[in-house]
Every structure is written in structure tokens, then in C-alpha cells.
$ cat query_3.cif   # mmCIF, C-alpha atoms
data_input
#
loop_
_atom_site.label_atom_id
_atom_site.label_comp_id
_atom_site.auth_asym_id
_atom_site.auth_seq_id
_atom_site.Cartn_x
_atom_site.Cartn_y
_atom_site.Cartn_z
CA MET A 100 -75.38 -172.17 135.02
CA ILE A 101 -79.10 -171.80 134.50
CA PRO A 102 -80.15 -168.19 133.98
CA SER A 103 -82.82 -166.58 136.08
CA SER A 104 -86.03 -165.59 134.33
CA THR A 105 -84.99 -161.93 134.22
CA GLU A 106 -81.75 -162.72 132.42
CA PHE A 107 -83.47 -165.16 130.09
CA HIS A 108 -86.16 -162.71 129.02
CA LEU A 109 -83.66 -159.89 128.61
CA ALA A 110 -81.57 -162.10 126.34
CA LEU A 111 -84.70 -163.10 124.44
CA SER A 112 -85.72 -159.48 123.93
CA LEU A 113 -82.22 -158.68 122.68
CA ILE A 114 -82.33 -161.61 120.25
CA LEU A 115 -85.65 -160.37 118.88
CA PHE A 116 -84.31 -156.83 118.56
CA CYS A 117 -81.11 -157.91 116.80
CA LEU A 118 -82.99 -160.25 114.46
CA GLY A 119 -85.24 -157.36 113.54
CA ALA A 120 -82.23 -155.11 112.98
CA ILE A 121 -80.52 -157.72 110.80
CA GLY A 122 -83.64 -158.17 108.71
CA PHE A 123 -84.19 -154.44 108.41
CA ILE A 124 -80.68 -153.87 107.04
CA ALA A 125 -80.32 -156.96 104.89
CA ARG A 126 -83.70 -157.25 103.19
CA GLY A 127 -84.36 -154.95 100.29
CA SER A 128 -88.15 -155.01 100.40
CA GLY A 129 -90.06 -152.21 102.09
CA ILE A 130 -92.82 -154.40 103.50
CA ILE A 131 -90.32 -156.80 105.11
CA ALA A 132 -88.44 -153.81 106.53
CA LEU A 133 -91.67 -152.65 108.22
CA MET A 134 -92.25 -156.14 109.61
CA CYS A 135 -88.73 -156.17 111.05
CA LEU A 136 -89.45 -152.77 112.57
CA GLU A 137 -92.44 -154.27 114.37
CA LEU A 138 -90.20 -157.12 115.51
CA MET A 139 -87.74 -154.61 117.00
CA LEU A 140 -90.51 -152.76 118.80
CA ASN A 141 -91.77 -156.07 120.15
CA GLY A 142 -88.32 -156.96 121.45
CA VAL A 143 -88.07 -153.67 123.29
CA ASN A 144 -91.55 -154.22 124.72
CA LEU A 145 -90.45 -157.57 126.11
CA SER A 146 -87.50 -155.93 127.84
CA LEU A 147 -89.90 -153.34 129.30
CA VAL A 148 -92.08 -156.17 130.64
CA THR A 149 -89.02 -157.80 132.18
CA PHE A 150 -87.97 -154.59 133.91
CA ALA A 151 -91.52 -153.85 135.07
CA ARG A 152 -91.60 -157.24 136.71
CA TYR A 153 -88.14 -156.76 138.18
CA HIS A 154 -88.89 -153.32 139.67
CA GLN A 155 -92.59 -154.03 140.30
CA SER A 156 -93.64 -150.69 138.88
CA ALA A 157 -97.06 -149.68 137.60
CA GLU A 158 -95.68 -146.78 135.53
CA ALA A 159 -93.56 -149.24 133.58
CA SER A 160 -96.67 -151.29 132.91
CA ALA A 161 -98.38 -148.16 131.56
CA LEU A 162 -95.31 -147.50 129.42
CA ILE A 163 -95.65 -150.97 127.87
CA LEU A 164 -99.15 -150.04 126.71
CA PHE A 165 -97.89 -146.75 125.29
CA VAL A 166 -95.27 -148.57 123.25
CA VAL A 167 -97.95 -150.87 121.80
CA LEU A 168 -100.15 -147.90 120.91
CA VAL A 169 -97.33 -145.91 119.31
CA ALA A 170 -96.26 -148.99 117.36
CA ALA A 171 -99.78 -149.43 116.04
CA ALA A 172 -100.08 -145.80 114.93
CA GLU A 173 -96.64 -145.88 113.35
CA ALA A 174 -97.35 -149.13 111.51
CA ALA A 175 -100.53 -147.68 110.02
CA VAL A 176 -98.86 -144.50 108.79
CA ALA A 177 -95.77 -146.32 107.50
CA LEU A 178 -97.89 -148.80 105.57
CA SER A 179 -99.90 -146.01 103.95
CA ILE A 180 -96.65 -144.32 102.92
CA LEU A 181 -95.54 -147.65 101.46
CA VAL A 182 -98.77 -147.91 99.46
CA SER A 183 -98.26 -144.38 98.12
CA LEU A 184 -94.72 -145.34 97.13
CA PHE A 185 -96.00 -148.44 95.40
CA ARG A 186 -98.53 -146.39 93.46
CA LYS A 187 -95.76 -144.10 92.27
CA VAL A 188 -92.96 -146.55 91.49
CA GLY A 189 -94.67 -149.90 90.94
CA ASN A 190 -92.67 -152.00 93.40
CA VAL A 191 -91.68 -151.88 97.07
CA SER A 192 -87.98 -152.50 96.59
CA LEU A 193 -85.91 -150.03 98.57
CA ASP A 194 -82.82 -150.58 96.43
CA ASN A 195 -84.16 -148.51 93.56
CA LEU A 196 -84.68 -145.34 95.62
CA ARG A 197 -81.38 -143.72 94.82
CA SER A 198 -82.28 -140.28 93.51
CA LEU A 199 -81.08 -138.56 96.70
CA LYS A 200 -77.78 -140.43 96.72
CA GLY A 201 -74.85 -137.99 96.42
CA MET B 451 -82.20 -172.90 141.19
CA THR B 452 -84.10 -170.64 138.93
CA ASP B 453 -87.57 -169.20 138.58
CA LEU B 454 -87.55 -169.95 134.86
CA SER B 455 -90.26 -172.42 133.87
CA LEU B 456 -90.19 -174.90 131.02
CA ALA B 457 -93.15 -173.15 129.38
CA GLN B 458 -91.20 -169.90 129.23
CA VAL B 459 -88.22 -171.61 127.62
CA ILE B 460 -90.40 -173.33 125.02
CA LEU B 461 -92.26 -170.10 124.26
CA GLY B 462 -88.95 -168.27 123.93
CA ALA B 463 -87.59 -170.84 121.49
CA LEU B 464 -90.78 -170.69 119.40
CA THR B 465 -90.63 -166.88 119.34
CA ILE B 466 -87.06 -166.91 118.05
CA ALA B 467 -87.89 -169.53 115.41
CA SER B 468 -90.85 -167.47 114.14
CA ALA B 469 -88.72 -164.32 114.09
CA VAL B 470 -86.08 -166.08 111.97
CA PHE B 471 -88.81 -167.02 109.50
CA VAL B 472 -90.04 -163.41 109.38
CA VAL B 473 -86.57 -162.19 108.50
CA ALA B 474 -85.37 -164.89 106.14
CA HIS B 475 -88.31 -166.28 104.17
CA ARG B 476 -88.69 -165.25 100.57
CA ASN B 477 -92.48 -165.14 100.46
CA PRO B 478 -93.86 -161.96 102.06
CA VAL B 479 -97.16 -163.65 102.98
CA VAL B 480 -95.26 -166.26 105.01
CA SER B 481 -93.29 -163.44 106.63
CA ALA B 482 -96.51 -161.69 107.63
CA ILE B 483 -98.02 -164.88 109.07
CA MET B 484 -94.81 -165.64 110.92
CA LEU B 485 -94.88 -162.12 112.31
CA MET B 486 -98.36 -162.88 113.66
CA MET B 487 -97.00 -166.09 115.23
CA THR B 488 -94.09 -164.22 116.80
CA LEU B 489 -96.45 -161.66 118.30
CA LEU B 490 -98.75 -164.42 119.59
CA PHE B 491 -95.87 -166.26 121.24
CA THR B 492 -94.67 -163.01 122.80
CA GLY B 493 -98.18 -162.54 124.18
CA GLY B 494 -97.85 -166.03 125.62
CA ILE B 495 -94.59 -165.01 127.28
CA TYR B 496 -96.34 -162.01 128.83
CA PHE B 497 -99.02 -164.35 130.20
CA SER B 498 -96.39 -166.66 131.65
CA LEU B 499 -94.73 -163.69 133.39
CA GLY B 500 -97.99 -162.71 135.08
CA PHE B 501 -98.93 -159.78 132.85
CA GLU B 502 -102.39 -160.96 131.84
CA PHE B 503 -103.84 -157.60 130.83
CA ILE B 504 -100.83 -156.64 128.72
CA GLY B 505 -100.74 -160.09 127.13
CA ALA B 506 -104.39 -159.71 126.15
CA VAL B 507 -103.72 -156.21 124.74
CA GLN B 508 -100.75 -157.58 122.80
CA ILE B 509 -102.86 -160.30 121.21
CA LEU B 510 -105.72 -157.91 120.45
CA ILE B 511 -103.72 -155.06 118.97
CA TYR B 512 -100.51 -156.60 117.62
CA ALA B 513 -101.64 -160.04 116.50
CA GLY B 514 -105.21 -159.05 115.82
CA ALA B 515 -104.91 -155.70 114.06
CA ILE B 516 -101.35 -154.94 112.99
CA SER B 517 -100.58 -158.38 111.57
CA VAL B 518 -103.87 -158.42 109.70
CA LEU B 519 -103.03 -154.98 108.31
CA PHE B 520 -99.72 -156.35 107.05
CA VAL B 521 -101.44 -159.28 105.36
CA PHE B 522 -103.95 -156.89 103.78
CA ILE B 523 -101.15 -154.72 102.41
CA VAL B 524 -99.27 -157.71 101.01
CA MET B 525 -102.45 -158.85 99.30
CA LEU B 526 -103.31 -155.34 98.08
CA LEU B 527 -99.91 -154.75 96.53
CA ASP B 528 -99.87 -158.35 95.22
CA LEU B 529 -96.28 -158.94 96.23
CA LYS B 530 -94.82 -162.06 94.70
CA PRO B 531 -92.27 -164.31 96.41
CA SER B 532 -88.71 -163.31 95.73
CA LEU B 533 -86.99 -165.56 93.24
CA ALA B 534 -83.68 -166.01 95.07
CA LYS B 535 -83.17 -168.69 97.70
CA LEU B 536 -82.18 -166.07 100.25
CA PRO B 537 -83.60 -162.69 99.30
CA GLY B 538 -81.46 -159.57 99.51
CA ARG B 539 -77.82 -159.07 98.70
CA PRO B 540 -75.19 -161.42 100.24
CA LEU B 541 -72.90 -158.55 101.21
CA ALA B 542 -75.75 -156.85 103.05
CA TRP B 543 -76.56 -160.10 104.87
CA ALA B 544 -72.92 -160.59 105.93
CA LEU B 545 -72.56 -157.04 107.23
CA ALA B 546 -75.97 -157.11 108.89
CA VAL B 547 -75.29 -160.40 110.69
CA LEU B 548 -71.91 -159.10 111.83
CA ALA B 549 -73.42 -155.87 113.13
CA GLY B 550 -76.32 -157.74 114.72
CA VAL B 551 -74.11 -160.19 116.57
CA ALA B 552 -71.84 -157.38 117.80
CA MET B 553 -74.87 -155.38 118.94
CA PHE B 554 -76.31 -158.41 120.71
CA ALA B 555 -73.06 -159.15 122.54
CA GLY B 556 -72.63 -155.55 123.64
CA PHE B 557 -76.23 -155.10 124.79
CA LEU B 558 -76.29 -158.44 126.58
CA PHE B 559 -73.11 -157.70 128.47
CA THR B 560 -74.23 -154.28 129.70
CA SER B 561 -77.80 -155.25 130.53
CA LEU B 562 -76.79 -158.35 132.48
CA GLN B 563 -74.42 -156.20 134.47
CA ALA B 564 -77.32 -153.92 135.33
CA VAL B 565 -79.69 -156.69 136.37
CA GLY B 566 -77.55 -159.48 137.76
CA PRO B 567 -78.77 -162.96 138.59
CA GLN B 568 -81.27 -162.06 141.28
CA MET B 569 -84.59 -163.77 140.96
CA VAL B 570 -87.86 -161.93 141.30
CA THR B 571 -89.50 -162.73 144.63
CA GLU B 572 -93.02 -163.94 144.14
CA SER B 573 -95.32 -160.98 144.59
CA ASP B 574 -98.98 -160.39 143.92
CA MET B 575 -98.40 -158.73 140.55
CA ALA B 576 -100.86 -156.00 141.43
CA PHE B 577 -98.74 -153.52 139.53
CA ALA B 578 -99.51 -155.34 136.26
CA SER B 579 -103.26 -155.38 136.63
CA ALA B 580 -105.60 -153.19 134.63
CA THR B 581 -106.47 -151.32 137.83
CA ALA B 582 -102.91 -150.24 138.48
CA ILE B 583 -102.31 -149.27 134.86
CA SER B 584 -105.52 -147.24 134.69
CA LEU B 585 -104.65 -145.48 137.94
CA SER B 586 -101.26 -144.66 136.48
CA PHE B 587 -102.92 -143.37 133.30
CA LEU B 588 -105.14 -141.07 135.31
CA SER B 589 -102.47 -139.76 137.66
CA LYS B 590 -98.80 -139.92 136.75
CA SER B 591 -99.04 -140.76 133.06
CA MET B 592 -101.97 -138.46 132.31
CA LEU B 593 -100.04 -136.29 129.86
CA ALA B 594 -98.74 -139.29 127.94
CA PHE B 595 -102.25 -140.73 127.88
CA GLN B 596 -103.80 -137.60 126.37
CA VAL B 597 -100.95 -137.12 123.92
CA THR B 598 -101.37 -140.73 122.77
CA GLY B 599 -104.96 -139.90 121.93
CA LEU B 600 -103.78 -136.99 119.82
CA LEU B 601 -101.17 -139.25 118.22
CA LEU B 602 -103.85 -141.72 117.19
CA LEU B 603 -105.95 -138.87 115.79
CA ALA B 604 -102.97 -137.66 113.77
CA ALA B 605 -102.33 -141.20 112.53
CA VAL B 606 -105.93 -141.59 111.38
CA MET B 607 -105.81 -138.26 109.58
CA GLY B 608 -102.47 -139.11 107.98
CA VAL B 609 -103.63 -142.49 106.77
CA THR B 610 -106.82 -140.99 105.34
CA VAL B 611 -104.92 -138.33 103.41
CA LEU B 612 -102.20 -140.68 102.19
CA GLY B 613 -104.66 -143.32 101.13
CA LYS B 614 -106.65 -141.11 98.83
CA SER B 615 -106.16 -141.80 95.16
CA LYS B 616 -105.34 -138.78 93.09
CA ARG B 617 -107.49 -137.45 90.33
CA THR B 618 -105.78 -136.20 87.21
CA GLU B 619 -106.93 -133.02 85.49
CA SER B 620 -109.35 -134.77 83.22
CA GLY B 621 -110.99 -136.37 86.25
CA ILE B 622 -109.73 -139.91 85.71
CA GLN B 623 -109.10 -141.65 89.03
CA GLN B 624 -105.56 -143.01 89.21
#
$ encode --input "query_3.cif" --output "C-alpha cells"
Amino acid sequence: MIPSSTEFHLALSLILFCLGAIGFIARGSGIIALMCLELMLNGVNLSLVTFARYHQSAEASALILFVVLVAAAEAAVALSILVSLFRKVGNVSLDNLRSLKG
Amino acid sequence: MTDLSLAQVILGALTIASAVFVVAHRNPVVSAIMLMMTLLFTGGIYFSLGFEFIGAVQILIYAGAISVLFVFIVMLLDLKPSLAKLPGRPLAWALAVLAGVAMFAGFLFTSLQAVGPQMVTESDMAFASATAISLSFLSKSMLAFQVTGLLLLAAVMGVTVLGKSKRTESGIQQ
């Protein structure tokens, strides 16, 4: 059974999201975690595009642009936090940040 | 009979392959470049779906600014490739893959129930044009539009403050 384009792109967006989630949990480096976060946002954006096409809505198209803008702002701030962390600790490994662990 | 084209399938496969490289490669520079490739292929998918304006915005902002920022940061922090064949802990990989597959199955099942196998009837895609999006920005999404401007202002201020190097008491720049 060949999927329709809506089903295919939904499945593709879910694969991107889950790959990003797997990488975010499994990799111990902060910079890779931020890249996987961008991957997750991109997957969600693809599902938004699919639904905008399915429902033929202009507000959904505007929402796609908002997601891109918010992702850009969040990437900039998160990377500057990462650089501050690097200046303090000397590496970007997230495994060593255990001082708040109970 | 489907409205899926061969180009969309090829682009989808290339996107997934690039995403796997982002997640699993041990060199962070390769991960950043593969992230750029993933974002470019996703822009290609948007073009193939008829969203030309959003595809162009995706390539400009995501592949043209955010990916370059990631490469800059990797170069600035001088991150070396990880020494292990597969970086990260094996237990974390096993649990993450398990959770990811379960999440994927659950999401796929529920979302396919919501959408079903109907195909999109060929329309004029006027809702995806820059005109329609701008009209939405200026009427129904006006609040979100203005707040996004404030968000970008806050991000610029935050990055400026966080990026400053600190001076110690004797005036030596750290």
C-alpha cells in the first residue's frame, strides 16, 4: 500500500523528531544536544507544513514562520549559554554537570 | 494511486540519512555540516510541496544562519572529535533508541488516525504565498508578529550580555 503524500510527510517529520530526541538523550555533548534540538524543531515544522497543506490554511503557514523565528532566537541564546559554560568549565560535556544531583 | 512523487521520496530518504549522521557521528564539525544538509533537504521538501516562500525562508534562516552559527561555535570552542567509535554511553543509547522507537510508533499511530489516507486535491496554493502569510501577519496573527519582534530583541540583548567576557578586579580580561 503506497502512502499518500500527507501520510509520508507526517511519518518523515516523526522520524526526524524521534531521531533528534534519541540524539538529545544519548549524546553527552552540549553542542550535539543543541543540534538535535534544532532537528526536533525542524521535524515539527515539517508536520506543520503537512497540516497547512492538508487544511489549506494561511494561519498555519504564518505559524510555520513563527516556529522558524523562535528556533533561531532560541538557538542563538542557547549557544551563548553554552559558550559561557565552556568558559567556566573548559568542556561542553553535559555528564560532568552533577552538582545539583540529589 | 498516490500524489507522492519520486522527488519527495528521494528528498525524504536523504533527509533521514543526514539526520542519522547528525546524531551518530563522532566529529562535531561533521555533525554541524550534516545538520546544514538536513535543513537544506527539508527546504527542498517544502519546495516540492508547493511552499516556495517558506522553503526559501528555511534555506535563508536555518541553513544560512543557524547552521553557520553552529559551525562558528564548534570552531570557537575548538571541539575535538570524540575518541570512541560511537560517542556517548551504550546504556544511554539503548534506552534512547527504545524510547524513540516507542514514541515514533505511538505518534505515528495517532496522527495517521487523525489524517487518514485522503490525498490533497490540487489547489492553487494561494494560502502558502507570501501575500497570504503577510495578510495573516497583519490581521489574525498580529499579536504573535509583534511579540516575535520583542522576542528577537530579547534574544539579541541576552546574547550580547552572555557573550561579554568578564573583567577580574585587577582589570585583566578573562
$ interface_residues --input "query_3.cif" --of "chain A" --to "chain B" --cutoff "8 Å" --atoms "all atoms listed in the file" --output "VMD selection string"
chain A and resid 101 to 107 109 to 111 113 to 115 117 to 122 124 to 127 130 to 131 134 to 135 138 141 145 148 152 to 153 155 to 158 160 to 161 163 to 165 167 to 169 171 to 176 178 to 180 182 to 183 185
$ atom_distance --input "query_3.cif" --atom1 "CA of Met139 (chain A)" --atom2 "CA of Leu593 (chain B)"
25.5 Å
$ atom_distance --input "query_3.cif" --atom1 "CA of Val143 (chain A)" --atom2 "CA of Val166 (chain A)"
8.8 Å
$ atom_distance --input "query_3.cif" --atom1 "CA of Ser146 (chain A)" --atom2 "CA of His108 (chain A)"
7.0 Å
$ closest_residue --input "query_3.cif" --among "B:Leu456, B:Val480, B:Met592, B:Leu600" --to "Val521 (chain B)" --atoms "all atoms listed in the file"
B:Val480
$ build_atoms --input "query_3.cif" --residues "region 517-528 of chain B" --atoms "all heavy atoms" --output "compact mmCIF listing (two decimals), keeping the file's coordinate frame"
# COMPACT_ATOMS: atom_id res chain seq x y z
N SER B 517 -100.95 -157.30 112.47
CA SER B 517 -100.58 -158.38 111.57
C SER B 517 -101.57 -158.51 110.43
O SER B 517 -101.18 -158.75 109.28
CB SER B 517 -100.53 -159.70 112.32
OG SER B 517 -99.72 -159.60 113.42
N VAL B 518 -102.85 -158.34 110.75
CA VAL B 518 -103.87 -158.42 109.70
C VAL B 518 -103.69 -157.29 108.71
O VAL B 518 -103.84 -157.47 107.49
CB VAL B 518 -105.27 -158.38 110.35
CG1 VAL B 518 -106.34 -158.28 109.31
CG2 VAL B 518 -105.47 -159.62 111.18
N LEU B 519 -103.30 -156.10 109.21
CA LEU B 519 -103.03 -154.98 108.31
C LEU B 519 -101.87 -155.31 107.37
O LEU B 519 -101.92 -155.02 106.18
CB LEU B 519 -102.70 -153.76 109.16
CG LEU B 519 -102.58 -152.42 108.45
CD1 LEU B 519 -103.86 -152.08 107.76
CD2 LEU B 519 -102.24 -151.34 109.46
N PHE B 520 -100.84 -155.97 107.90
CA PHE B 520 -99.72 -156.35 107.05
C PHE B 520 -100.16 -157.34 105.98
O PHE B 520 -99.77 -157.23 104.81
CB PHE B 520 -98.60 -156.97 107.90
CG PHE B 520 -97.62 -155.97 108.42
CD1 PHE B 520 -97.62 -155.60 109.75
CD2 PHE B 520 -96.69 -155.39 107.57
CE1 PHE B 520 -96.72 -154.67 110.22
CE2 PHE B 520 -95.79 -154.47 108.04
CZ PHE B 520 -95.80 -154.10 109.37
N VAL B 521 -100.98 -158.31 106.36
CA VAL B 521 -101.44 -159.28 105.36
C VAL B 521 -102.29 -158.59 104.30
O VAL B 521 -102.17 -158.87 103.10
CB VAL B 521 -102.22 -160.42 106.05
CG1 VAL B 521 -102.81 -161.36 105.03
CG2 VAL B 521 -101.31 -161.20 106.97
N PHE B 522 -103.15 -157.64 104.75
CA PHE B 522 -103.95 -156.89 103.78
C PHE B 522 -103.07 -156.15 102.78
O PHE B 522 -103.34 -156.13 101.58
CB PHE B 522 -104.81 -155.86 104.51
CG PHE B 522 -106.08 -156.38 105.07
CD1 PHE B 522 -106.88 -155.58 105.88
CD2 PHE B 522 -106.51 -157.66 104.82
CE1 PHE B 522 -108.04 -156.06 106.43
CE2 PHE B 522 -107.67 -158.15 105.36
CZ PHE B 522 -108.44 -157.34 106.16
N ILE B 523 -102.00 -155.51 103.30
CA ILE B 523 -101.15 -154.72 102.41
C ILE B 523 -100.41 -155.62 101.43
O ILE B 523 -100.27 -155.30 100.25
CB ILE B 523 -100.17 -153.85 103.22
CG1 ILE B 523 -100.94 -152.86 104.09
CG2 ILE B 523 -99.21 -153.13 102.32
CD1 ILE B 523 -101.68 -151.82 103.29
N VAL B 524 -99.96 -156.79 101.91
CA VAL B 524 -99.27 -157.71 101.01
C VAL B 524 -100.23 -158.18 99.91
O VAL B 524 -99.86 -158.27 98.73
CB VAL B 524 -98.69 -158.91 101.79
CG1 VAL B 524 -98.20 -159.98 100.85
CG2 VAL B 524 -97.55 -158.45 102.66
N MET B 525 -101.47 -158.43 100.30
CA MET B 525 -102.45 -158.85 99.30
C MET B 525 -102.81 -157.71 98.35
O MET B 525 -103.00 -157.91 97.16
CB MET B 525 -103.72 -159.35 100.00
CG MET B 525 -103.55 -160.66 100.71
SD MET B 525 -103.34 -161.97 99.53
CE MET B 525 -101.97 -162.83 100.24
N LEU B 526 -102.93 -156.49 98.90
CA LEU B 526 -103.31 -155.34 98.08
C LEU B 526 -102.26 -155.04 97.03
O LEU B 526 -102.55 -154.78 95.87
CB LEU B 526 -103.52 -154.12 98.99
CG LEU B 526 -103.76 -152.77 98.31
CD1 LEU B 526 -105.14 -152.74 97.72
CD2 LEU B 526 -103.61 -151.65 99.30
N LEU B 527 -100.98 -155.06 97.47
CA LEU B 527 -99.91 -154.75 96.53
C LEU B 527 -99.53 -155.96 95.69
O LEU B 527 -98.71 -155.83 94.79
CB LEU B 527 -98.68 -154.26 97.30
CG LEU B 527 -98.90 -153.05 98.20
CD1 LEU B 527 -97.60 -152.66 98.85
CD2 LEU B 527 -99.46 -151.90 97.42
N ASP B 528 -100.10 -157.14 96.01
CA ASP B 528 -99.87 -158.35 95.22
C ASP B 528 -98.39 -158.65 95.09
O ASP B 528 -97.85 -158.76 93.99
CB ASP B 528 -100.53 -158.22 93.84
CG ASP B 528 -100.72 -159.58 93.20
OD1 ASP B 528 -100.60 -160.58 93.92
OD2 ASP B 528 -100.97 -159.63 91.99
